[in-house]
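**Q** The structure file input.csv (CSV, C-alpha atoms and all ligand atoms) is provided below.
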chain,number,residue,atom,x,y,z
S,512,MET,CA,117.0,107.3,127.2
S,513,ARG,CA,115.8,109.2,124.1
S,514,LYS,CA,112.7,111.3,124.7
S,515,ARG,CA,109.6,110.5,122.6
S,516,ASN,CA,109.7,113.8,120.7
S,517,ALA,CA,108.6,114.1,117.1
S,518,ILE,CA,108.2,117.0,114.6
S,519,ILE,CA,105.8,116.6,111.7
S,520,LEU,CA,106.1,118.7,108.6
S,521,GLY,CA,102.7,119.4,107.0
S,522,ALA,CA,99.3,120.2,108.4
S,523,GLY,CA,97.0,118.6,105.9
S,524,VAL,CA,95.0,115.5,106.7
S,525,SER,CA,98.1,113.3,106.8
S,526,GLY,CA,100.1,115.5,109.1
S,527,LEU,CA,97.2,116.2,111.5
S,528,THR,CA,96.1,112.5,111.7
S,529,CYS,CA,99.7,111.4,112.4
S,530,GLY,CA,99.9,114.2,115.0
S,531,VAL,CA,96.8,113.1,116.8
S,532,ARG,CA,97.8,109.4,116.7
S,533,LEU,CA,101.4,110.0,117.9
S,534,LEU,CA,100.2,112.4,120.7
S,535,GLU,CA,97.6,109.9,121.9
S,536,ALA,CA,100.3,107.2,122.0
S,537,GLY,CA,102.4,109.4,124.3
S,538,PHE,CA,104.8,111.3,122.0
S,539,ASP,CA,105.4,115.0,122.4
S,540,VAL,CA,104.5,116.4,118.9
S,541,ARG,CA,105.0,119.6,117.1
S,542,ILE,CA,103.5,120.2,113.6
S,543,ALA,CA,105.1,122.8,111.5
S,544,ALA,CA,103.7,123.8,108.1
S,545,TYR,CA,103.6,126.6,105.6
S,546,LEU,CA,99.8,126.3,105.0
S,547,LEU,CA,97.4,125.5,107.8
S,548,PRO,CA,93.7,124.6,107.6
S,549,PRO,CA,91.6,126.0,106.0
S,550,ASN,CA,94.2,126.7,103.3
S,551,THR,CA,95.5,123.2,102.6
S,552,THR,CA,94.7,120.9,99.7
S,553,SER,CA,92.9,118.7,102.2
S,554,ASN,CA,90.4,121.4,102.8
S,555,VAL,CA,89.4,121.5,99.1
S,556,ALA,CA,88.5,117.8,98.9
S,557,PRO,CA,84.7,117.1,99.0
S,558,ALA,CA,85.4,114.2,100.4
S,559,TYR,CA,84.4,110.6,100.8
S,560,TRP,CA,86.1,107.3,101.6
S,561,TYR,CA,87.3,105.9,98.3
S,562,PRO,CA,90.7,104.7,97.1
S,563,TYR,CA,91.1,106.8,94.0
S,564,LYS,CA,94.3,107.2,92.0
S,565,VAL,CA,96.5,105.8,94.7
S,566,ALA,CA,98.8,102.8,94.8
S,567,PRO,CA,100.1,100.1,95.6
S,568,ARG,CA,96.9,98.2,95.8
S,569,ASP,CA,97.7,95.7,98.6
S,570,SER,CA,98.9,98.4,101.0
S,571,VAL,CA,96.1,100.7,100.0
S,572,LEU,CA,93.5,98.1,100.8
S,573,GLY,CA,95.0,97.6,104.3
S,574,TRP,CA,95.3,101.4,105.0
S,575,ALA,CA,91.8,102.1,103.6
S,576,ALA,CA,90.1,99.3,105.5
S,577,PHE,CA,91.7,100.4,108.8
S,578,SER,CA,90.6,104.0,108.1
S,579,TYR,CA,87.1,102.9,107.2
S,580,GLY,CA,86.7,101.5,110.7
S,581,LYS,CA,88.1,104.7,112.4
S,582,PHE,CA,85.6,106.8,110.3
S,583,VAL,CA,82.7,104.6,111.4
S,584,ASP,CA,83.6,105.3,115.0
S,585,LEU,CA,84.0,109.0,114.2
S,586,SER,CA,80.6,109.2,112.6
S,587,LEU,CA,79.2,108.8,116.1
S,588,ILE,CA,80.8,112.1,117.1
S,589,PRO,CA,78.6,114.9,115.6
S,590,GLU,CA,81.3,117.6,115.7
S,591,SER,CA,83.7,115.4,113.6
S,592,GLY,CA,82.0,116.2,110.3
S,593,ILE,CA,81.9,112.5,109.5
S,594,SER,CA,78.8,110.7,108.5
S,595,MET,CA,78.0,107.4,106.8
S,596,SER,CA,76.5,107.9,103.3
S,597,PRO,CA,75.1,105.8,100.5
S,598,LEU,CA,77.4,105.6,97.5
S,599,LEU,CA,76.4,104.7,93.9
S,600,LYS,CA,79.4,103.9,91.6
S,601,ILE,CA,78.3,103.8,88.0
S,602,PHE,CA,80.0,102.3,84.9
S,603,ASP,CA,79.3,102.5,81.2
S,604,GLN,CA,80.5,98.9,80.8
S,605,GLU,CA,80.3,95.8,82.8
S,606,VAL,CA,83.0,95.6,85.5
S,607,ASP,CA,84.4,93.0,87.9
S,608,GLU,CA,84.0,93.3,91.7
S,609,PRO,CA,86.3,96.0,93.1
S,610,PHE,CA,89.4,95.2,95.1
S,611,TRP,CA,88.1,97.4,98.0
S,612,LYS,CA,84.9,95.4,98.4
S,613,THR,CA,86.2,93.6,101.6
S,614,ALA,CA,86.9,97.0,103.3
S,615,VAL,CA,83.3,98.3,103.3
S,616,LYS,CA,80.3,97.3,105.5
S,617,SER,CA,77.7,96.7,102.8
S,618,PHE,CA,78.1,96.0,99.1
S,619,ARG,CA,75.8,95.0,96.2
S,620,ARG,CA,75.4,95.4,92.5
S,621,ALA,CA,73.1,98.2,91.4
S,622,ARG,CA,69.8,97.3,89.8
S,623,THR,CA,69.3,98.6,86.3
S,624,ASP,CA,66.5,100.9,87.4
S,625,GLU,CA,69.0,102.6,89.8
S,626,LEU,CA,71.4,103.5,86.9
S,627,PRO,CA,71.3,106.9,85.0
S,628,GLU,CA,70.8,106.7,81.3
S,629,GLY,CA,73.9,105.4,79.4
S,630,TYR,CA,75.2,103.3,82.3
S,631,VAL,CA,75.1,99.5,82.4
S,632,ASP,CA,76.7,98.5,85.7
S,633,GLY,CA,77.1,99.8,89.2
S,634,PHE,CA,77.9,99.2,92.9
S,635,VAL,CA,75.8,100.3,95.9
S,636,THR,CA,77.7,100.6,99.1
S,637,GLU,CA,77.9,102.8,102.2
S,638,VAL,CA,81.0,104.9,102.9
S,639,PRO,CA,82.2,107.6,105.3
S,640,ARG,CA,81.5,111.0,104.0
S,641,ILE,CA,84.0,113.6,105.2
S,642,GLU,CA,82.8,117.2,105.5
S,643,THR,CA,86.4,118.4,105.1
S,644,PRO,CA,86.2,122.0,106.5
S,645,VAL,CA,84.5,120.6,109.6
S,646,TYR,CA,86.7,117.5,109.9
S,647,MET,CA,90.0,119.4,109.4
S,648,GLN,CA,89.0,121.8,112.2
S,649,TYR,CA,88.0,118.8,114.4
S,650,LEU,CA,91.4,117.2,113.9
S,651,LEU,CA,93.2,120.4,114.6
S,652,ASN,CA,91.3,120.9,117.8
S,653,ARG,CA,91.8,117.3,118.9
S,654,PHE,CA,95.6,117.8,118.3
S,655,THR,CA,96.0,121.1,120.2
S,656,GLU,CA,93.6,120.1,123.0
S,657,SER,CA,95.7,116.9,123.6
S,658,GLY,CA,98.8,119.1,124.0
S,659,GLY,CA,100.1,119.2,120.4
S,660,VAL,CA,102.0,122.4,119.3
S,661,LEU,CA,101.2,123.9,115.9
S,662,GLU,CA,103.5,126.3,114.1
S,663,LYS,CA,102.8,128.3,111.0
S,664,LEU,CA,106.0,128.7,108.9
S,665,ASP,CA,106.6,132.0,107.0
S,666,SER,CA,107.7,130.1,103.9
S,667,GLU,CA,108.1,126.6,102.5
S,668,THR,CA,111.0,124.7,104.1
S,669,VAL,CA,113.8,123.9,101.7
S,670,SER,CA,115.5,121.2,103.9
S,671,PHE,CA,114.5,118.9,106.8
S,672,GLU,CA,117.5,120.1,108.9
S,673,GLU,CA,116.1,123.6,108.8
S,674,ILE,CA,113.1,122.7,110.9
S,675,SER,CA,114.1,119.6,112.9
S,676,GLY,CA,117.0,121.1,114.9
S,677,ASP,CA,118.4,118.3,117.0
S,678,LEU,CA,115.1,116.4,117.4
S,679,PRO,CA,115.6,112.7,116.7
S,680,LEU,CA,112.4,112.0,114.8
S,681,LEU,CA,110.9,113.9,111.8
S,682,ILE,CA,107.8,113.0,109.9
S,683,ASN,CA,107.3,114.2,106.4
S,684,CYS,CA,103.6,114.8,105.5
S,685,THR,CA,104.2,117.5,102.9
S,686,GLY,CA,101.9,116.0,100.2
S,687,LEU,CA,102.8,117.5,96.8
S,688,GLY,CA,105.4,119.7,98.5
S,689,ALA,CA,107.6,116.6,98.7
S,690,ALA,CA,108.1,116.8,94.9
S,691,LYS,CA,110.4,119.8,95.5
S,692,LEU,CA,111.5,119.1,99.1
S,693,CYS,CA,112.7,115.5,98.4
S,694,ARG,CA,113.5,116.2,94.8
S,695,ASP,CA,111.1,113.3,94.1
S,696,GLY,CA,110.4,112.8,90.4
S,697,ASN,CA,107.8,110.2,91.2
S,698,THR,CA,105.5,112.8,92.8
S,699,PHE,CA,103.2,114.9,90.5
S,700,PRO,CA,100.0,117.0,90.7
S,701,ILE,CA,96.6,115.6,89.7
S,702,ARG,CA,94.6,118.7,89.3
S,703,GLY,CA,91.0,118.7,90.5
S,704,GLN,CA,88.4,121.4,89.8
S,705,ILE,CA,85.0,121.4,91.6
S,706,VAL,CA,81.8,123.4,91.5
S,707,ILE,CA,79.9,123.9,94.8
S,708,VAL,CA,76.1,124.2,94.6
S,709,LYS,CA,73.3,124.5,97.1
S,710,ASN,CA,72.2,121.1,98.3
S,711,MET,CA,68.7,120.5,96.9
S,712,GLY,CA,68.0,117.6,99.2
S,713,PHE,CA,70.4,114.9,97.7
S,714,ARG,CA,71.7,112.3,100.2
S,715,ARG,CA,73.5,109.8,98.0
S,716,ILE,CA,77.0,110.2,96.5
S,717,ILE,CA,77.1,109.3,92.8
S,718,SER,CA,80.4,108.8,91.0
S,719,ASP,CA,81.7,107.7,87.6
S,720,GLU,CA,85.4,107.3,87.7
S,721,SER,CA,86.1,105.4,84.5
S,722,GLY,CA,83.6,106.4,81.8
S,723,LYS,CA,84.2,108.5,78.7
S,724,LEU,CA,83.6,111.8,80.6
S,725,ALA,CA,85.0,110.7,84.0
S,726,PRO,CA,85.6,111.7,86.6
S,727,ILE,CA,82.1,112.8,87.4
S,728,TYR,CA,80.9,113.0,91.0
S,729,ILE,CA,78.1,114.5,93.0
S,730,VAL,CA,78.8,114.7,96.7
S,731,PRO,CA,76.0,116.0,98.8
S,732,ARG,CA,77.1,117.5,102.1
S,733,ASN,CA,75.1,119.1,105.0
S,734,GLU,CA,75.3,122.7,103.8
S,735,ASP,CA,76.1,122.3,100.1
S,736,CYS,CA,76.8,119.8,97.3
S,737,VAL,CA,80.1,119.3,95.5
S,738,LEU,CA,80.1,118.6,91.8
S,739,GLY,CA,83.2,117.3,90.1
S,740,GLY,CA,85.4,117.1,88.4
S,741,THR,CA,88.7,116.7,86.8
S,742,ALA,CA,91.9,114.7,87.3
S,743,GLU,CA,94.5,116.3,85.2
S,744,GLU,CA,97.9,114.8,85.8
S,745,ASN,CA,101.0,117.1,85.8
S,746,ASP,CA,98.9,120.2,85.7
S,747,TRP,CA,100.0,122.7,88.3
S,748,ASP,CA,97.4,125.4,87.5
S,749,LEU,CA,95.5,126.5,90.6
S,750,SER,CA,93.3,129.0,88.8
S,751,ILE,CA,89.6,128.3,88.1
S,752,ASP,CA,88.8,127.7,84.5
S,753,PRO,CA,85.2,128.8,83.7
S,754,ALA,CA,84.9,126.5,80.7
S,755,THR,CA,85.8,123.5,83.0
S,756,SER,CA,83.2,124.6,85.5
S,757,GLU,CA,80.6,124.6,82.7
S,758,GLU,CA,81.7,121.2,81.6
S,759,ILE,CA,81.5,119.8,85.2
S,760,LEU,CA,77.9,121.2,85.5
S,761,ASN,CA,76.8,119.7,82.2
S,762,LYS,CA,78.3,116.3,83.1
S,763,CYS,CA,76.6,116.2,86.5
S,764,ILE,CA,73.2,117.5,85.0
S,765,ALA,CA,73.4,114.6,82.5
S,766,ILE,CA,73.4,112.2,85.5
S,767,GLU,CA,71.1,114.2,87.8
S,768,PRO,CA,68.9,116.5,85.6
S,769,SER,CA,67.4,118.4,88.6
S,770,LEU,CA,70.9,120.0,89.1
S,771,ALA,CA,70.1,122.3,86.2
S,772,ASP,CA,68.2,124.5,88.7
S,773,ALA,CA,71.0,124.4,91.4
S,774,GLU,CA,72.2,127.6,92.8
S,775,ILE,CA,76.0,127.9,92.3
S,776,LEU,CA,77.8,128.8,95.5
S,777,GLY,CA,81.5,128.7,94.3
S,778,HIS,CA,84.3,127.0,92.5
S,779,LYS,CA,87.6,125.5,93.7
S,780,VAL,CA,90.8,123.9,92.5
S,781,GLY,CA,93.1,121.6,94.4
S,782,LEU,CA,96.2,119.6,93.4
S,783,ARG,CA,96.0,116.0,94.6
S,784,PRO,CA,99.5,114.7,95.6
S,785,GLY,CA,99.9,112.0,93.0
S,786,ARG,CA,102.7,109.5,93.2
S,787,THR,CA,103.6,106.3,91.5
S,788,GLU,CA,102.9,104.8,94.9
S,789,VAL,CA,102.5,106.1,98.5
S,790,ARG,CA,105.8,106.7,100.1
S,791,LEU,CA,105.6,105.3,103.7
S,792,GLU,CA,109.0,104.4,105.0
S,793,LEU,CA,111.7,105.3,107.5
S,794,GLU,CA,114.9,106.9,106.2
S,795,LYS,CA,117.9,106.9,108.5
S,796,LEU,CA,119.6,110.4,108.9
S,797,PRO,CA,123.1,111.1,110.1
S,798,GLY,CA,123.6,111.2,113.9
S,799,GLY,CA,121.1,108.4,114.7
S,800,ARG,CA,118.1,110.4,113.7
S,801,ALA,CA,115.2,109.3,111.5
S,802,LEU,CA,112.9,110.7,108.9
S,803,ILE,CA,109.6,108.9,108.3
S,804,HIS,CA,107.9,109.7,105.0
S,805,ASP,CA,104.1,109.6,104.6
S,806,TYR,CA,103.1,111.3,101.4
S,807,GLY,CA,101.8,110.7,97.8
S,808,HIS,CA,98.2,109.8,98.7
S,809,GLY,CA,96.8,110.9,95.3
S,810,GLY,CA,93.0,111.1,95.4
S,811,GLY,CA,92.7,109.1,98.6
S,812,GLY,CA,94.4,111.1,101.4
S,813,PHE,CA,91.4,110.9,103.7
S,814,THR,CA,90.7,107.4,102.7
S,815,LEU,CA,94.1,106.2,103.8
S,816,SER,CA,94.8,108.7,106.6
S,817,TRP,CA,94.3,106.6,109.8
S,818,GLY,CA,95.8,103.4,108.3
S,819,CYS,CA,98.9,105.3,107.3
S,820,ALA,CA,99.1,107.1,110.6
S,821,GLU,CA,99.0,103.8,112.4
S,822,GLU,CA,102.0,102.5,110.3
S,823,VAL,CA,103.9,105.8,111.0
S,824,LEU,CA,103.3,105.2,114.7
S,825,THR,CA,104.7,101.6,114.4
S,826,LEU,CA,107.8,102.9,112.6
S,827,ALA,CA,108.2,105.7,115.2
S,828,GLU,CA,107.8,103.2,118.2
S,829,ASP,CA,110.4,100.8,116.6
S,830,PHE,CA,112.8,103.7,116.1
S,831,VAL,CA,112.5,104.9,119.7
S,832,SER,CA,112.8,101.4,121.2
S,833,ARG,CA,115.9,100.6,119.2
S,834,ASN,CA,117.5,103.8,120.4
S,835,GLU,CA,116.6,103.3,124.0
S,836,THR,CA,118.8,100.2,124.4
R,901,LIG,C1,89.2,118.0,94.1
R,901,LIG,C2,89.7,117.0,95.0
R,901,LIG,C3,88.9,115.9,95.5
R,901,LIG,C4,89.4,115.0,96.4
R,901,LIG,N1,88.5,114.0,96.8
R,901,LIG,C5,89.0,113.1,97.8
R,901,LIG,C6,88.1,112.2,98.3
R,901,LIG,O1,86.9,112.2,98.0
R,901,LIG,N2,88.6,111.3,99.2
R,901,LIG,C7,89.9,111.3,99.6
R,901,LIG,O2,90.3,110.5,100.4
R,901,LIG,N3,90.8,112.2,99.1
R,901,LIG,C8,90.3,113.1,98.2
R,901,LIG,N4,91.2,114.0,97.6
R,901,LIG,C9,92.6,113.9,97.9
R,901,LIG,C10,93.1,114.4,99.2
R,901,LIG,O3,92.6,115.7,99.3
R,901,LIG,C11,94.6,114.4,99.3
R,901,LIG,O4,95.1,113.1,99.1
R,901,LIG,C12,95.0,114.8,100.7
R,901,LIG,O5,94.4,116.1,101.0
R,901,LIG,C13,96.5,114.9,100.9
R,901,LIG,O6,96.7,115.3,102.2
R,901,LIG,P1,98.2,115.7,102.7
R,901,LIG,O7,98.0,116.0,104.2
R,901,LIG,O8,99.1,114.6,102.3
R,901,LIG,O9,98.6,117.0,101.9
R,901,LIG,P2,98.1,118.5,101.9
R,901,LIG,O10,96.7,118.6,102.4
R,901,LIG,O11,98.5,119.1,100.6
R,901,LIG,O12,99.0,119.1,103.1
R,901,LIG,C14,100.4,119.3,102.9
R,901,LIG,C15,100.9,120.1,104.0
R,901,LIG,O13,102.3,120.2,103.9
R,901,LIG,C16,102.7,121.6,103.9
R,901,LIG,N5,104.0,121.7,103.2
R,901,LIG,C17,104.2,121.1,101.9
R,901,LIG,N6,105.5,121.4,101.6
R,901,LIG,C18,106.0,122.1,102.6
R,901,LIG,C19,107.3,122.7,102.8
R,901,LIG,N7,108.3,122.6,101.9
R,901,LIG,N8,107.5,123.4,104.0
R,901,LIG,C20,106.5,123.5,104.9
R,901,LIG,N9,105.3,123.0,104.7
R,901,LIG,C21,105.1,122.3,103.6
R,901,LIG,C22,101.6,122.3,103.4
R,901,LIG,O14,101.7,123.7,103.6
R,901,LIG,C23,100.4,121.6,104.0
R,901,LIG,O15,100.3,122.0,105.4
R,901,LIG,C24,90.7,115.0,96.8
R,901,LIG,C25,91.6,116.1,96.4
R,901,LIG,C26,91.1,117.0,95.5
R,901,LIG,C27,92.0,118.1,95.1
Could you show the structure in this file as structure tokens?
**A**
Amino acid sequence: MRKRNAIILGAGVSGLTCGVRLLEAGFDVRIAAYLLPPNTTSNVAPAYWYPYKVAPRDSVLGWAAFSYGKFVDLSLIPESGISMSPLLKIFDQEVDEPFWKTAVKSFRRARTDELPEGYVDGFVTEVPRIETPVYMQYLLNRFTESGGVLEKLDSETVSFEEISGDLPLLINCTGLGAAKLCRDGNTFPIRGQIVIVKNMGFRRIISDESGKLAPIYIVPRNEDCVLGGTAEENDWDLSIDPATSEEILNKCIAIEPSLADAEILGHKVGLRPGRTEVRLELEKLPGGRALIHDYGHGGGGFTLSWGCAEEVLTLAEDFVSRNET
């Protein structure tokens, strides 16, 4: 009988969530990664539940809805860094109902008096807000406390064979790293720069994803407030551009004028792992081994994390049971 052993490559939100899910389903799991929290892209995200720049729509809806439910449960655990937050989506033209409407607990059209100047339509809903530095540490603790093994690699792996040894099951959660590792031309960076300011008492997330100056978002967190942003496709530049920070501030002040007095705490850049569509599939390797891919989550890696991990678990269970007989 094959042992239920798995190795996961990648310690961002995808790798850690898969790690936790597989461990809790009885697998022995090792996660190996070049970057560990707090140095992953996942740690840069503000973040909140929202399926942004991620495809295909039908699968995304299922994964996002499943994750929404998990995050609602996690919001009852104070140390998870998850809380439910009001979200106001704003539009400078009239829009149809969104495809994700069925995934959220409450949904209504915004009243005109709720919209900032220049906006004509909006949605008001409630979404999980993910305080990423806290949540990533929570996931990591949950993984190691359940017996998971975490290994920091000295460099980026260049082949799956290099790290999997003779283990039967490997899970690829390398995010943007998959572009090089899998020679995957469908994977590309979507650069995001953010400004972090002191939270002046805001509670509600506000976001414009489609207007002339989009993306614009204000994400209040417990200790600070994240202002965004940018979504520059195929831009690999991780350095902070001061002119972009200035633009971000101005865009957010136009929506929320009191931000003009906000104390700036810092600036960050992250590269979202863009892909034509999420790659979630099992690839058969020589010698009866398997490689499950779970990457390419664009601007929605947290939003899809639990749903994708559940599907990874199903593929892993199928693989193990087929090899047991
Ligand atoms: C500014 C910004 C805002 C965002 N806002 C949101 C939001 O509000 N909501 C949301 O859901 N998402 C948001 N995102 C997107 C989200 O952050 C990503 O989709 C998510 O972090 C991807 O997670 P991941 O685990 O797949 O990849 P990553 O976090 O990048 O982790 C990849 C892991 O794989 C490792 N790795 C890669 N290649 C190799 C290799 N060859 N060898 C060894 N290790 C390797 C890395 O070291 C790392 O450990 C945002 C992103 C940015 C940048």
**Q** Which residues are near ligand LIG 901 (chain R) in this structure, taking near to mean any atom at most 7 Å from a ligand atom and counting all atoms listed in the file? Format them as a PyMOL selection string.
**A** chain S and resi 520-526+543-547+551-562+664+666-669+684-689+692+702-705+740+780-784+806-815
**Q** Could you please determine the separation between atom CA of Ser718 of chain S and atom CA of Gly633 of chain S in Å, to one decimal place?
**A**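 One can read the atom CA of Ser718 of chain S to atom CA of Gly633 of chain S distance as 9.8 Å.
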**Q** Report, in Å to a single decimal, how far apart atom CA of Gly785 of chain S and atom CA of Asp829 of chain S are.
**A**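 Separation between atom CA of Asp829 of chain S and atom CA of Gly785 of chain S: 28.2 Å.
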**Q** Check the smallest atom-to-atom distance from each of S:Phe618, S:Arg786, S:Gly818, S:Phe538 to Val660 of chain S using all atoms listed in the file, then report the winner.
**A**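 Closest residue, counting all atoms listed in the file: S:Phe538.
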**Q** Can you work out the spacing between atom CA of Ser594 of chain S and atom CA of Glu642 of chain S in Å, to one decimal?
**A**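 So the answer is 8.2 Å.
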**Q** So which residues touch segment 707-709 of chain S within 8 Å, counting only C-alpha atoms, skipping near sequence neighbours fewer than 5 positions away, as a ChimeraX atom specification?
**A** /S:734-738,773-779
**Q** Which protein, DNA or RNA residues have an atom at most 8 Å from (72.0, 103.2, 92.6), counting only C-alpha atoms? List them as a PyMOL selection string.
**A** chain S and resi 598-601+621-622+624-626+633-635+717
